[in-house]
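**Student:** Below you'll find query34.csv; it's CSV, C-alpha atoms and all ligand atoms.
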```
chain,number,residue,atom,x,y,z
A,1,ILE,CA,83.7,-63.7,204.7
A,2,ASN,CA,81.2,-66.1,203.1
A,3,ILE,CA,79.7,-65.5,199.7
A,4,LEU,CA,76.4,-67.0,198.6
A,5,GLY,CA,76.0,-67.5,194.9
A,6,ILE,CA,72.8,-67.9,193.0
A,7,GLU,CA,72.5,-69.1,189.4
A,8,THR,CA,69.2,-69.3,187.4
A,9,SER,CA,70.2,-68.0,183.9
A,10,CYS,CA,69.0,-71.1,182.0
A,11,ASP,CA,67.7,-74.4,183.2
A,12,ASP,CA,69.7,-75.1,186.4
A,13,THR,CA,68.7,-73.7,189.8
A,14,GLY,CA,72.2,-73.5,191.3
A,15,CYS,CA,73.4,-72.3,194.7
A,16,ALA,CA,76.7,-72.4,196.6
A,17,ILE,CA,78.5,-70.9,199.5
A,18,ILE,CA,82.3,-70.3,199.5
A,19,ASN,CA,84.4,-68.8,202.2
A,20,ARG,CA,87.1,-66.1,202.1
A,21,ASN,CA,89.7,-68.6,200.8
A,22,GLY,CA,87.5,-69.8,198.0
A,23,LYS,CA,86.7,-73.1,199.7
A,24,ILE,CA,83.4,-74.6,198.8
A,25,LEU,CA,81.3,-74.9,201.9
A,26,SER,CA,78.3,-76.3,200.1
A,27,GLU,CA,76.7,-76.5,196.7
A,28,VAL,CA,73.3,-77.6,195.5
A,29,CYS,CA,72.1,-77.7,191.9
A,30,HIS,CA,68.6,-78.6,190.8
A,31,SER,CA,68.8,-79.5,187.1
A,32,GLN,CA,65.8,-79.3,184.8
A,33,ASN,CA,67.6,-81.4,182.2
A,34,LEU,CA,65.3,-84.4,182.3
A,35,MET,CA,62.2,-82.3,181.9
A,36,HIS,CA,63.6,-80.4,179.0
A,37,LEU,CA,64.9,-83.6,177.3
A,38,ARG,CA,61.3,-84.9,177.4
A,39,ASN,CA,60.0,-81.7,175.9
A,40,GLY,CA,62.8,-81.7,173.2
A,41,GLY,CA,64.2,-78.4,174.4
A,42,ILE,CA,63.8,-75.7,176.9
A,43,ILE,CA,60.3,-74.0,177.1
A,44,PRO,CA,60.9,-70.7,179.0
A,45,ASP,CA,57.6,-70.8,180.9
A,46,ILE,CA,58.3,-74.2,182.2
A,47,ALA,CA,61.9,-73.3,183.1
A,48,GLN,CA,60.5,-70.3,185.1
A,49,ASP,CA,58.0,-72.4,186.9
A,50,LEU,CA,60.7,-74.9,187.9
A,51,HIS,CA,63.0,-72.2,189.1
A,52,ARG,CA,60.2,-70.6,191.1
A,53,MET,CA,59.5,-74.0,192.7
A,54,HIS,CA,63.1,-74.9,193.5
A,55,ILE,CA,64.8,-71.6,194.4
A,56,GLU,CA,63.9,-71.4,198.0
A,57,PRO,CA,64.5,-75.1,198.9
A,58,THR,CA,67.8,-75.0,196.9
A,59,VAL,CA,69.1,-71.9,198.9
A,60,THR,CA,67.8,-73.3,202.2
A,61,LYS,CA,69.6,-76.7,201.6
A,62,THR,CA,72.8,-74.9,200.6
A,63,LEU,CA,72.8,-73.0,203.9
A,64,GLU,CA,71.9,-76.1,205.9
A,65,GLU,CA,74.7,-78.1,204.3
A,66,ALA,CA,77.2,-75.4,205.1
A,67,LYS,CA,75.8,-75.3,208.6
A,68,LEU,CA,75.3,-71.5,208.2
A,69,SER,CA,72.5,-69.1,208.5
A,70,MET,CA,71.9,-65.9,206.4
A,71,GLU,CA,73.6,-64.0,209.3
A,72,ASP,CA,76.9,-65.6,208.4
A,73,ILE,CA,76.7,-64.5,204.7
A,74,SER,CA,78.7,-61.4,203.7
A,75,ALA,CA,77.1,-60.9,200.3
A,76,ILE,CA,74.8,-62.5,197.7
A,77,ALA,CA,76.2,-62.9,194.2
A,78,VAL,CA,73.6,-63.5,191.6
A,79,THR,CA,73.6,-63.9,187.8
A,80,LEU,CA,71.8,-61.0,186.2
A,81,LYS,CA,72.9,-61.4,182.6
A,82,PRO,CA,72.9,-62.9,179.9
A,83,GLY,CA,70.3,-65.6,179.9
A,84,LEU,CA,66.6,-66.4,179.6
A,85,PRO,CA,64.7,-63.4,181.1
A,86,LEU,CA,62.0,-65.6,182.6
A,87,SER,CA,64.8,-67.6,184.3
A,88,LEU,CA,67.1,-64.8,185.3
A,89,VAL,CA,64.3,-62.8,187.0
A,90,ILE,CA,63.6,-65.6,189.5
A,91,GLY,CA,67.2,-65.6,190.8
A,92,MET,CA,67.3,-61.8,190.9
A,93,LYS,CA,64.0,-61.5,192.8
A,94,TYR,CA,65.0,-64.1,195.3
A,95,ALA,CA,68.4,-62.5,195.8
A,96,LYS,CA,66.8,-59.1,196.4
A,97,HIS,CA,64.3,-60.7,198.8
A,98,LEU,CA,67.2,-62.2,200.9
A,99,GLY,CA,69.2,-59.0,200.7
A,100,ARG,CA,66.3,-56.9,202.0
A,101,ARG,CA,65.3,-59.4,204.7
A,102,PHE,CA,68.8,-59.9,206.1
A,103,ASN,CA,70.3,-56.6,205.1
A,104,LYS,CA,73.0,-58.0,202.8
A,105,PRO,CA,74.6,-56.5,199.8
A,106,ILE,CA,74.2,-58.0,196.3
A,107,ILE,CA,77.0,-58.5,193.8
A,108,PRO,CA,75.6,-58.7,190.2
A,109,ILE,CA,77.3,-61.3,188.0
A,110,HIS,CA,77.8,-61.8,184.3
A,111,HIS,CA,77.2,-65.5,183.5
A,112,MET,CA,79.9,-65.8,180.8
A,113,GLN,CA,82.5,-63.9,182.9
A,114,ALA,CA,81.8,-66.4,185.7
A,115,HIS,CA,82.3,-69.3,183.3
A,116,ALA,CA,85.8,-67.9,182.5
A,117,LEU,CA,86.9,-66.8,186.0
A,118,VAL,CA,86.0,-70.0,187.8
A,119,ALA,CA,89.1,-71.5,186.3
A,120,ARG,CA,91.1,-69.4,188.7
A,121,MET,CA,89.5,-71.1,191.7
A,122,HIS,CA,91.6,-74.3,191.6
A,123,HIS,CA,94.4,-73.2,189.2
A,124,ASP,CA,97.1,-70.5,189.6
A,125,ILE,CA,96.1,-68.4,186.6
A,126,LYS,CA,97.2,-64.8,186.5
A,127,PHE,CA,95.7,-61.9,184.5
A,128,PRO,CA,95.8,-61.5,181.5
A,129,PHE,CA,94.8,-64.8,180.0
A,130,LEU,CA,93.1,-65.9,176.8
A,131,VAL,CA,89.8,-67.7,177.2
A,132,LEU,CA,87.7,-69.9,174.9
A,133,LEU,CA,84.1,-70.2,176.1
A,134,ILE,CA,82.1,-73.0,174.5
A,135,SER,CA,78.6,-73.6,175.9
A,136,GLY,CA,75.0,-74.1,175.2
A,137,GLY,CA,74.4,-70.5,174.2
A,138,HIS,CA,77.8,-69.0,173.4
A,139,CYS,CA,81.1,-69.5,171.6
A,140,LEU,CA,83.6,-66.8,172.1
A,141,LEU,CA,87.3,-65.9,172.5
A,142,ALA,CA,88.3,-63.2,174.8
A,143,VAL,CA,91.3,-61.8,176.7
A,144,VAL,CA,90.7,-61.5,180.4
A,145,GLN,CA,92.7,-58.5,181.6
A,146,ASP,CA,91.1,-58.4,185.1
A,147,VAL,CA,88.0,-59.4,187.1
A,148,ASP,CA,86.0,-56.7,185.4
A,149,HIS,CA,87.9,-56.2,182.2
A,150,PHE,CA,87.2,-58.5,179.3
A,151,GLN,CA,88.2,-57.9,175.6
A,152,LEU,CA,86.2,-59.8,173.0
A,153,LEU,CA,88.2,-61.1,170.1
A,154,GLY,CA,85.5,-63.1,168.3
A,155,GLU,CA,82.2,-64.9,168.8
A,156,SER,CA,79.6,-67.1,167.0
A,157,MET,CA,77.8,-65.3,164.2
A,158,ASP,CA,74.9,-67.9,164.5
A,159,CYS,CA,74.4,-70.7,167.0
A,160,ALA,CA,76.5,-72.2,169.7
A,161,PRO,CA,78.3,-75.6,169.7
A,162,GLY,CA,76.4,-77.0,172.7
A,163,GLU,CA,73.1,-76.1,171.1
A,164,VAL,CA,74.2,-77.9,167.9
A,165,PHE,CA,75.2,-81.0,169.8
A,166,ASP,CA,71.8,-81.0,171.6
A,167,LYS,CA,69.9,-80.6,168.3
A,168,VAL,CA,71.9,-83.1,166.3
A,169,ALA,CA,71.6,-85.6,169.1
A,170,ARG,CA,67.9,-85.2,169.1
A,171,SER,CA,67.6,-85.6,165.4
A,172,MET,CA,69.8,-88.7,165.4
A,173,LYS,CA,67.4,-90.1,168.2
A,174,LEU,CA,70.4,-90.9,170.5
A,175,ARG,CA,68.0,-90.7,173.4
A,176,ASN,CA,66.4,-93.9,172.3
A,177,VAL,CA,69.7,-95.7,173.2
A,178,PRO,CA,69.2,-96.6,176.9
A,179,GLU,CA,72.7,-95.6,177.9
A,180,TYR,CA,72.3,-92.1,176.4
A,181,SER,CA,68.7,-91.5,177.6
A,182,THR,CA,69.5,-89.4,180.6
A,183,ILE,CA,72.6,-87.5,179.5
A,184,CYS,CA,72.8,-84.3,177.5
A,185,GLY,CA,73.2,-84.1,173.7
A,186,GLY,CA,76.9,-83.2,173.9
A,187,GLN,CA,77.8,-86.1,176.2
A,188,ALA,CA,75.8,-88.5,174.0
A,189,VAL,CA,77.5,-87.4,170.8
A,190,GLU,CA,80.9,-87.8,172.5
A,191,ALA,CA,80.1,-91.3,173.7
A,192,ALA,CA,78.8,-92.4,170.3
A,193,ALA,CA,81.8,-90.8,168.5
A,194,SER,CA,84.1,-92.9,170.7
A,195,LYS,CA,82.6,-96.0,169.1
A,196,ALA,CA,83.1,-94.8,165.5
A,197,THR,CA,85.0,-97.0,163.0
A,198,ASN,CA,84.9,-94.9,159.9
A,199,PRO,CA,84.3,-91.2,160.6
A,200,ASN,CA,85.8,-90.1,157.3
A,201,MET,CA,82.9,-91.5,155.4
A,202,PHE,CA,81.1,-88.2,156.1
A,203,LYS,CA,82.6,-85.0,154.7
A,204,ILE,CA,81.9,-81.8,156.6
A,205,ALA,CA,83.5,-78.6,155.4
A,206,LEU,CA,85.5,-76.4,157.8
A,207,PRO,CA,83.4,-73.3,158.6
A,208,LEU,CA,84.8,-69.9,157.7
A,209,ALA,CA,87.9,-71.5,156.4
A,210,GLU,CA,88.9,-68.5,154.3
A,211,TYR,CA,88.4,-65.9,157.0
A,212,ARG,CA,91.2,-64.9,159.3
A,213,ASP,CA,89.3,-63.3,162.1
A,214,CYS,CA,88.3,-65.0,165.4
A,215,ASN,CA,84.6,-65.4,164.8
A,216,PHE,CA,82.7,-68.7,164.7
A,217,SER,CA,79.8,-70.2,162.7
A,218,PHE,CA,78.1,-73.5,163.3
A,219,ASN,CA,75.0,-73.3,161.1
A,220,GLY,CA,76.7,-74.8,158.0
A,221,LEU,CA,78.1,-77.6,160.0
A,222,LYS,CA,74.7,-78.4,161.5
A,223,THR,CA,73.0,-78.3,158.1
A,224,SER,CA,75.7,-80.6,156.7
A,225,VAL,CA,75.2,-83.2,159.5
A,226,MET,CA,71.4,-83.0,159.1
A,227,TYR,CA,71.8,-83.6,155.4
A,228,HIS,CA,74.0,-86.7,155.9
A,229,LEU,CA,71.5,-88.0,158.4
A,230,TYR,CA,68.6,-87.4,156.0
A,231,LYS,CA,70.4,-89.2,153.2
A,232,LYS,CA,71.2,-92.2,155.3
A,233,GLU,CA,67.7,-92.4,156.6
A,234,GLN,CA,66.4,-92.5,153.1
A,235,GLU,CA,69.0,-95.0,152.0
A,236,HIS,CA,68.1,-97.4,154.9
A,237,LYS,CA,64.4,-96.6,154.8
A,238,ILE,CA,64.6,-95.7,158.5
A,239,VAL,CA,61.3,-95.6,160.5
A,240,ALA,CA,60.2,-93.6,163.5
A,241,HIS,CA,62.4,-94.7,166.5
A,242,GLU,CA,65.3,-96.2,164.6
A,243,LEU,CA,68.8,-94.9,164.4
A,244,ILE,CA,70.9,-95.0,161.3
A,245,PRO,CA,73.5,-97.8,161.5
A,246,GLU,CA,76.3,-95.2,160.8
A,247,VAL,CA,75.3,-93.0,163.8
A,248,ASN,CA,78.6,-93.4,165.6
A,249,ASP,CA,80.6,-92.4,162.5
A,250,LEU,CA,78.3,-89.4,161.9
A,251,CYS,CA,78.8,-88.3,165.5
A,252,ALA,CA,82.5,-88.6,165.2
A,253,ALA,CA,82.6,-86.6,161.9
A,254,MET,CA,80.6,-83.9,163.5
A,255,LEU,CA,82.8,-83.8,166.6
A,256,MET,CA,85.9,-83.7,164.5
A,257,ALA,CA,84.5,-80.8,162.3
A,258,THR,CA,83.5,-78.8,165.4
A,259,THR,CA,87.0,-79.4,166.9
A,260,ARG,CA,88.8,-78.4,163.8
A,261,HIS,CA,86.8,-75.1,163.7
A,262,LEU,CA,87.5,-74.4,167.4
A,263,ILE,CA,91.2,-75.1,166.9
A,264,HIS,CA,91.4,-72.9,163.8
A,265,ARG,CA,89.9,-69.9,165.5
A,266,THR,CA,91.8,-70.3,168.8
A,267,GLN,CA,95.1,-70.5,166.8
A,268,ARG,CA,94.0,-67.3,165.1
A,269,ALA,CA,93.3,-65.6,168.4
A,270,MET,CA,96.8,-66.6,169.7
A,271,GLU,CA,98.4,-65.0,166.7
A,272,PHE,CA,96.3,-61.8,167.2
A,273,CYS,CA,97.4,-61.7,170.9
A,274,LYS,CA,101.0,-62.1,169.8
A,275,ASP,CA,100.8,-59.4,167.2
A,276,ASN,CA,99.1,-57.0,169.6
A,277,ASN,CA,101.0,-57.8,172.8
A,278,LEU,CA,97.8,-58.8,174.6
A,279,ILE,CA,99.3,-61.8,176.3
A,280,PRO,CA,102.9,-61.7,177.7
A,281,GLU,CA,105.2,-64.0,175.8
A,282,ASP,CA,106.6,-65.5,179.1
A,283,ARG,CA,103.2,-66.3,180.5
A,284,LYS,CA,100.8,-67.6,177.9
A,285,GLN,CA,97.7,-69.1,179.4
A,286,LEU,CA,94.6,-70.5,177.7
A,287,VAL,CA,91.4,-71.2,179.7
A,288,VAL,CA,88.7,-73.3,178.2
A,289,SER,CA,85.3,-73.4,180.0
A,290,GLY,CA,81.6,-73.7,179.5
A,291,GLY,CA,79.7,-77.0,179.2
A,292,VAL,CA,81.2,-78.1,175.9
A,293,ALA,CA,84.7,-77.8,177.5
A,294,CYS,CA,83.8,-81.1,179.3
A,295,ASN,CA,84.4,-82.8,175.9
A,296,ASN,CA,87.6,-84.7,176.2
A,297,TYR,CA,88.2,-85.0,172.4
A,298,ILE,CA,87.9,-81.2,172.0
A,299,PHE,CA,90.1,-80.6,175.1
A,300,SER,CA,92.9,-82.9,174.0
A,301,ALA,CA,93.0,-81.2,170.6
A,302,LEU,CA,93.3,-77.9,172.4
A,303,GLN,CA,96.1,-79.4,174.6
A,304,MET,CA,98.0,-80.3,171.4
A,305,LEU,CA,97.6,-76.8,170.0
A,306,CYS,CA,98.9,-75.4,173.3
A,307,ASN,CA,101.8,-77.7,173.2
A,308,GLU,CA,102.8,-76.3,169.8
A,309,THR,CA,102.3,-72.7,170.8
A,310,ASN,CA,103.8,-72.8,174.3
A,311,TYR,CA,100.6,-72.0,176.0
A,312,ASN,CA,99.6,-73.5,179.4
A,313,ILE,CA,96.0,-74.8,179.2
A,314,TYR,CA,93.6,-74.8,182.0
A,315,ARG,CA,90.1,-76.3,182.3
A,316,PRO,CA,87.8,-76.1,185.4
A,317,PHE,CA,86.6,-79.5,186.8
A,318,PRO,CA,83.8,-80.8,184.6
A,319,LYS,CA,81.2,-80.0,187.2
A,320,LEU,CA,82.3,-76.4,187.2
A,321,CYS,CA,82.4,-76.1,183.4
A,322,THR,CA,78.6,-76.5,183.2
A,323,ASP,CA,76.2,-74.2,185.0
A,324,ASN,CA,76.5,-74.1,188.7
A,325,GLY,CA,76.3,-71.8,191.8
A,326,VAL,CA,79.9,-72.2,192.7
A,327,MET,CA,81.2,-70.1,189.7
A,328,ILE,CA,78.8,-67.3,190.6
A,329,ALA,CA,79.9,-67.3,194.3
A,330,TRP,CA,83.6,-67.4,193.1
A,331,ASN,CA,83.0,-64.4,190.8
A,332,GLY,CA,81.3,-62.7,193.7
A,333,LEU,CA,84.4,-63.3,195.9
A,334,GLU,CA,86.8,-62.0,193.2
A,335,LYS,CA,84.7,-58.9,193.0
A,336,TRP,CA,84.4,-58.6,196.8
A,337,ARG,CA,88.2,-58.8,197.1
A,338,LYS,CA,88.6,-55.8,194.7
A,339,GLY,CA,85.5,-53.9,196.0
A,340,LEU,CA,83.7,-54.1,192.6
A,341,ASP,CA,80.0,-53.8,192.0
A,342,ILE,CA,78.9,-54.5,195.6
A,343,THR,CA,75.6,-52.7,196.1
A,344,THR,CA,72.8,-52.2,198.7
A,345,ASP,CA,70.8,-50.1,196.3
A,346,PHE,CA,68.7,-52.8,194.7
A,347,SER,CA,66.7,-50.5,192.5
A,348,THR,CA,69.7,-50.2,190.2
A,349,LEU,CA,69.8,-53.9,189.6
A,350,ASP,CA,68.0,-55.5,186.7
A,351,ILE,CA,68.4,-58.5,184.4
A,352,GLU,CA,69.5,-58.4,180.7
A,353,ALA,CA,68.8,-61.1,178.2
A,354,THR,CA,71.9,-60.3,176.1
A,355,SER,CA,75.0,-58.6,177.2
A,356,PRO,CA,78.5,-58.5,175.6
A,357,ILE,CA,81.3,-60.0,177.8
A,358,GLY,CA,83.3,-56.8,177.4
A,359,GLU,CA,84.7,-54.3,175.0
A,360,SER,CA,85.0,-55.6,171.5
A,361,LEU,CA,88.3,-55.9,169.6
A,362,ILE,CA,86.5,-57.7,166.8
A,363,ASP,CA,86.9,-55.0,164.2
A,364,LYS,CA,90.6,-54.9,164.8
A,365,VAL,CA,91.0,-58.7,164.3
A,366,LYS,CA,91.6,-59.0,160.6
A,401,LIG,P1,75.5,-70.3,178.2
A,401,LIG,O1,76.5,-70.6,179.3
A,401,LIG,O2,76.0,-70.0,176.9
A,401,LIG,O3,74.4,-69.4,178.6
A,401,LIG,P2,74.4,-72.8,179.1
A,401,LIG,O4,74.6,-72.2,180.4
A,401,LIG,O5,73.0,-73.4,178.8
A,401,LIG,O6,74.7,-71.8,178.0
A,401,LIG,P3,76.3,-74.7,179.8
A,401,LIG,O7,75.6,-75.2,181.0
A,401,LIG,O8,77.6,-74.0,180.0
A,401,LIG,O9,75.5,-73.9,178.8
A,401,LIG,O10,76.6,-76.0,178.9
A,401,LIG,C1,75.6,-76.8,178.5
A,401,LIG,C2,76.0,-77.4,177.1
A,401,LIG,O11,77.2,-78.1,177.2
A,401,LIG,C3,74.9,-78.2,176.5
A,401,LIG,O12,74.6,-77.8,175.2
A,401,LIG,C4,75.6,-79.6,176.4
A,401,LIG,O13,75.2,-80.4,175.3
A,401,LIG,C5,77.0,-79.3,176.3
A,401,LIG,N1,77.9,-80.3,176.8
A,401,LIG,C6,78.0,-80.9,178.0
A,401,LIG,N2,78.8,-81.9,178.1
A,401,LIG,C7,79.4,-82.0,176.8
A,401,LIG,C8,80.3,-82.9,176.2
A,401,LIG,N3,80.9,-83.8,176.9
A,401,LIG,N4,80.6,-82.6,174.9
A,401,LIG,C9,80.0,-81.6,174.2
A,401,LIG,N5,79.1,-80.8,174.7
A,401,LIG,C10,78.8,-81.0,176.0
A,402,FE,FE,76.4,-71.5,181.1
```
For this file, produce the structure as structure tokens.
Ligand code: ATP
Ligand code: FE
**Tutor:**
Amino acid sequence: INILGIETSCDDTGCAIINRNGKILSEVCHSQNLMHLRNGGIIPDIAQDLHRMHIEPTVTKTLEEAKLSMEDISAIAVTLKPGLPLSLVIGMKYAKHLGRRFNKPIIPIHHMQAHALVARMHHDIKFPFLVLLISGGHCLLAVVQDVDHFQLLGESMDCAPGEVFDKVARSMKLRNVPEYSTICGGQAVEAAASKATNPNMFKIALPLAEYRDCNFSFNGLKTSVMYHLYKKEQEHKIVAHELIPEVNDLCAAMLMATTRHLIHRTQRAMEFCKDNNLIPEDRKQLVVSGGVACNNYIFSALQMLCNETNYNIYRPFPKLCTDNGVMIAWNGLEKWRKGLDITTDFSTLDIEATSPIGESLIDKVK
């Protein structure tokens, strides 16, 4: 058994092959990051053109590096939801093309489920487990009961933390610092924050402090950072390409506020799981994944929370936290093993821009 995984939900053209044991035989990822950094954000038409240009060479290279041909592939796993429609459609069309040409089944994959499940690839994590997904487009807490059974406890009511990191980094002009010029906003904010000397000079309120549910909100936090930035720019009479002198402190204040909010909600989710017997008391596991999980400040704060609550915490390797083909192939293998969603009738397969990760328990979380 070899599973080929294809990921094109956003701005990375990713492909990977894993074998029956979940060993990675090859992985190739073409990132559009630099192009989108130059444009100040993702322009869907441009993302689609780049996926169209890179999908075939990426898949071909993945097969070559694994020294396999399509004959050796058992099934094609491909992200169909959620994501940018113009991006998703390229992966779907190419998967269908390969499936028809080589007579292979397709396994449709939910991108956020793949972010969560990939943690099981290199760690011994049993169902059920609690997952915190923090990425460029999402922020959610869920209980993963099985490969195809997710229970949503809470999610962001506005924007996602990765998106806020990227926007704030752009407004602070971090890209004008040579060492930050080629990394994403989240990494730049983390690096700048590590050089802070007085992060407490900026006050940022804890979002949804008075609510006891598991939902998130990052809009207020973003507005607050933008306001502090504006005030400092006025104060120092900052011109075009200059950064404010307090940029490191503001990054740290923002990272700390984000972390406090994530911790607050995760703690709430742990209580809810306890009250409702969703997670067995003798095997409490928290998985944190998605691009923002690469952040070591956020991760160590979560580690501390888990220490206090007797949870074991797991995080995929950084490369597997951000978008990649491996997590799609892995989710494909998990479905293959259980005989889930494997299809040769491609007319039933279509993309979806938005799609809940699973049944919602949100109303019950009070
Ligand atoms: P989604 O998975 O919700 O559809 P996405 O696939 O675009 O969104 P990912 O690839 O999982 O998101 O993650 C990308 C995001 O992770 C970016 O917004 C980026 O700023 C953020 N990120 C990456 N590294 C770090 C870091 N060290 N600290 C904080 N954020 C980070
Ligand atoms: Fe993602």
**Student:** Report as a PyMOL selection string which protein, DNA and RNA residues come within 12 Å of ligand FE 402 (chain A), using all atoms listed in the file.
**Tutor:** chain A and resi 7-14+79+81-84+110-116+118+133-139+160+162-163+289-293+319-325+327-328
**Student:** Save the residues we just selected, C-alpha atoms, as a compact mmCIF listing (two decimals), in the frame of the given file?
**Tutor:**
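Output file again-v5.txt is given in full below:
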```txt
# COMPACT_ATOMS: atom_id res chain seq x y z
CA GLU A 7 72.50 -69.10 189.40
CA THR A 8 69.20 -69.30 187.40
CA SER A 9 70.20 -68.00 183.90
CA CYS A 10 69.00 -71.10 182.00
CA ASP A 11 67.70 -74.40 183.20
CA ASP A 12 69.70 -75.10 186.40
CA THR A 13 68.70 -73.70 189.80
CA GLY A 14 72.20 -73.50 191.30
CA THR A 79 73.60 -63.90 187.80
CA LYS A 81 72.90 -61.40 182.60
CA PRO A 82 72.90 -62.90 179.90
CA GLY A 83 70.30 -65.60 179.90
CA LEU A 84 66.60 -66.40 179.60
CA HIS A 110 77.80 -61.80 184.30
CA HIS A 111 77.20 -65.50 183.50
CA MET A 112 79.90 -65.80 180.80
CA GLN A 113 82.50 -63.90 182.90
CA ALA A 114 81.80 -66.40 185.70
CA HIS A 115 82.30 -69.30 183.30
CA ALA A 116 85.80 -67.90 182.50
CA VAL A 118 86.00 -70.00 187.80
CA LEU A 133 84.10 -70.20 176.10
CA ILE A 134 82.10 -73.00 174.50
CA SER A 135 78.60 -73.60 175.90
CA GLY A 136 75.00 -74.10 175.20
CA GLY A 137 74.40 -70.50 174.20
CA HIS A 138 77.80 -69.00 173.40
CA CYS A 139 81.10 -69.50 171.60
CA ALA A 160 76.50 -72.20 169.70
CA GLY A 162 76.40 -77.00 172.70
CA GLU A 163 73.10 -76.10 171.10
CA SER A 289 85.30 -73.40 180.00
CA GLY A 290 81.60 -73.70 179.50
CA GLY A 291 79.70 -77.00 179.20
CA VAL A 292 81.20 -78.10 175.90
CA ALA A 293 84.70 -77.80 177.50
CA LYS A 319 81.20 -80.00 187.20
CA LEU A 320 82.30 -76.40 187.20
CA CYS A 321 82.40 -76.10 183.40
CA THR A 322 78.60 -76.50 183.20
CA ASP A 323 76.20 -74.20 185.00
CA ASN A 324 76.50 -74.10 188.70
CA GLY A 325 76.30 -71.80 191.80
CA MET A 327 81.20 -70.10 189.70
CA ILE A 328 78.80 -67.30 190.60
```
**Student:** Quick one, how far is CA of Arg120 in chain A from CA of Trp330 in chain A?
**Tutor:**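 Atom-to-atom, CA of Arg120 in chain A to CA of Trp330 in chain A, that is 8.9 Å.
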**Student:** For Lys126 in chain A, which residue among A:Gln234, A:Gln145, A:Ser31, A:Thr343 is the nearest when counting all atoms listed in the file?
**Tutor:**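 With all atoms listed in the file as the atom set, the closest residue is A:Gln145.
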**Student:** Choose the residue, out of A:Ala169, A:Leu80, A:Ile18, A:Leu302, that has the smallest atom-to-atom separation from Val287 in chain A; count all atoms listed in the file.
**Tutor:**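 Of all the options, A:Leu302 lies closest to Val287 in chain A.
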**Student:** So that I can check the surroundings of Cys214 in chain A, please list as a list in words every protein, DNA and RNA residue that reaches within 9 Å of it, counting only C-alpha atoms and ignoring chain neighbours fewer than 4 positions away.
**Tutor:**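 Those residues are Leu140, Leu141, Leu153, Gly154, Glu155, His264, Arg265, Thr266, Gln267, Arg268, Ala269, Phe272, Ile362, Val365 and Lys366 of chain A.
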**Student:** Could those residues be written to a file, using C-alpha atoms, as an mmCIF file, in the frame of the given file?
**Tutor:**
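Now in result-v7.cif:
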```cif
data_model
loop_
_atom_site.group_PDB
_atom_site.id
_atom_site.type_symbol
_atom_site.label_atom_id
_atom_site.label_comp_id
_atom_site.auth_asym_id
_atom_site.auth_seq_id
_atom_site.Cartn_x
_atom_site.Cartn_y
_atom_site.Cartn_z
ATOM 1 C CA LEU A 140 83.600 -66.800 172.100
ATOM 2 C CA LEU A 141 87.300 -65.900 172.500
ATOM 3 C CA LEU A 153 88.200 -61.100 170.100
ATOM 4 C CA GLY A 154 85.500 -63.100 168.300
ATOM 5 C CA GLU A 155 82.200 -64.900 168.800
ATOM 6 C CA HIS A 264 91.400 -72.900 163.800
ATOM 7 C CA ARG A 265 89.900 -69.900 165.500
ATOM 8 C CA THR A 266 91.800 -70.300 168.800
ATOM 9 C CA GLN A 267 95.100 -70.500 166.800
ATOM 10 C CA ARG A 268 94.000 -67.300 165.100
ATOM 11 C CA ALA A 269 93.300 -65.600 168.400
ATOM 12 C CA PHE A 272 96.300 -61.800 167.200
ATOM 13 C CA ILE A 362 86.500 -57.700 166.800
ATOM 14 C CA VAL A 365 91.000 -58.700 164.300
ATOM 15 C CA LYS A 366 91.600 -59.000 160.600
#
```
**Student:** So which one's closest to ligand LIG 401 (chain A), A:Ala191, A:Met172, A:Met256, A:Ala329? Using only C-alpha atoms and all ligand atoms, please.
**Tutor:**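 Ranking A:Ala191, A:Met172, A:Met256, A:Ala329 by distance to ligand LIG 401 (chain A), first place goes to A:Ala191.
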**Student:** So the first atom is CA of Ile351 in chain A and the second is CA of Trp336 in chain A; what is the distance between them in Å, to one decimal place?
**Tutor:**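 Separating CA of Ile351 in chain A from CA of Trp336 in chain A is a distance of 20.2 Å.
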**Student:** For range 95-98 of chain A, work out the shell of residues within 10 Å, counting only C-alpha atoms and skipping chain neighbours fewer than 4 positions away, then give it as a compact mmCIF listing (two decimals) with C-alpha atoms, keeping the file's coordinate frame.
**Tutor:**
```
# COMPACT_ATOMS: atom_id res chain seq x y z
CA LEU A 4 76.40 -67.00 198.60
CA GLY A 5 76.00 -67.50 194.90
CA ILE A 6 72.80 -67.90 193.00
CA ILE A 55 64.80 -71.60 194.40
CA VAL A 59 69.10 -71.90 198.90
CA MET A 70 71.90 -65.90 206.40
CA ALA A 75 77.10 -60.90 200.30
CA ILE A 76 74.80 -62.50 197.70
CA ALA A 77 76.20 -62.90 194.20
CA VAL A 78 73.60 -63.50 191.60
CA THR A 79 73.60 -63.90 187.80
CA VAL A 89 64.30 -62.80 187.00
CA ILE A 90 63.60 -65.60 189.50
CA GLY A 91 67.20 -65.60 190.80
CA PHE A 102 68.80 -59.90 206.10
CA ASN A 103 70.30 -56.60 205.10
CA LYS A 104 73.00 -58.00 202.80
CA PRO A 105 74.60 -56.50 199.80
CA ILE A 106 74.20 -58.00 196.30
CA ILE A 107 77.00 -58.50 193.80
CA PRO A 108 75.60 -58.70 190.20
CA THR A 344 72.80 -52.20 198.70
CA ASP A 345 70.80 -50.10 196.30
CA PHE A 346 68.70 -52.80 194.70
CA SER A 347 66.70 -50.50 192.50
CA LEU A 349 69.80 -53.90 189.60
```
**Student:** May I ask for the distance between CA of Val326 in chain A and CA of Met121 in chain A, given in Å to one decimal place?
**Tutor:**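 Going from CA of Val326 in chain A over to CA of Met121 in chain A, I get 9.7 Å.
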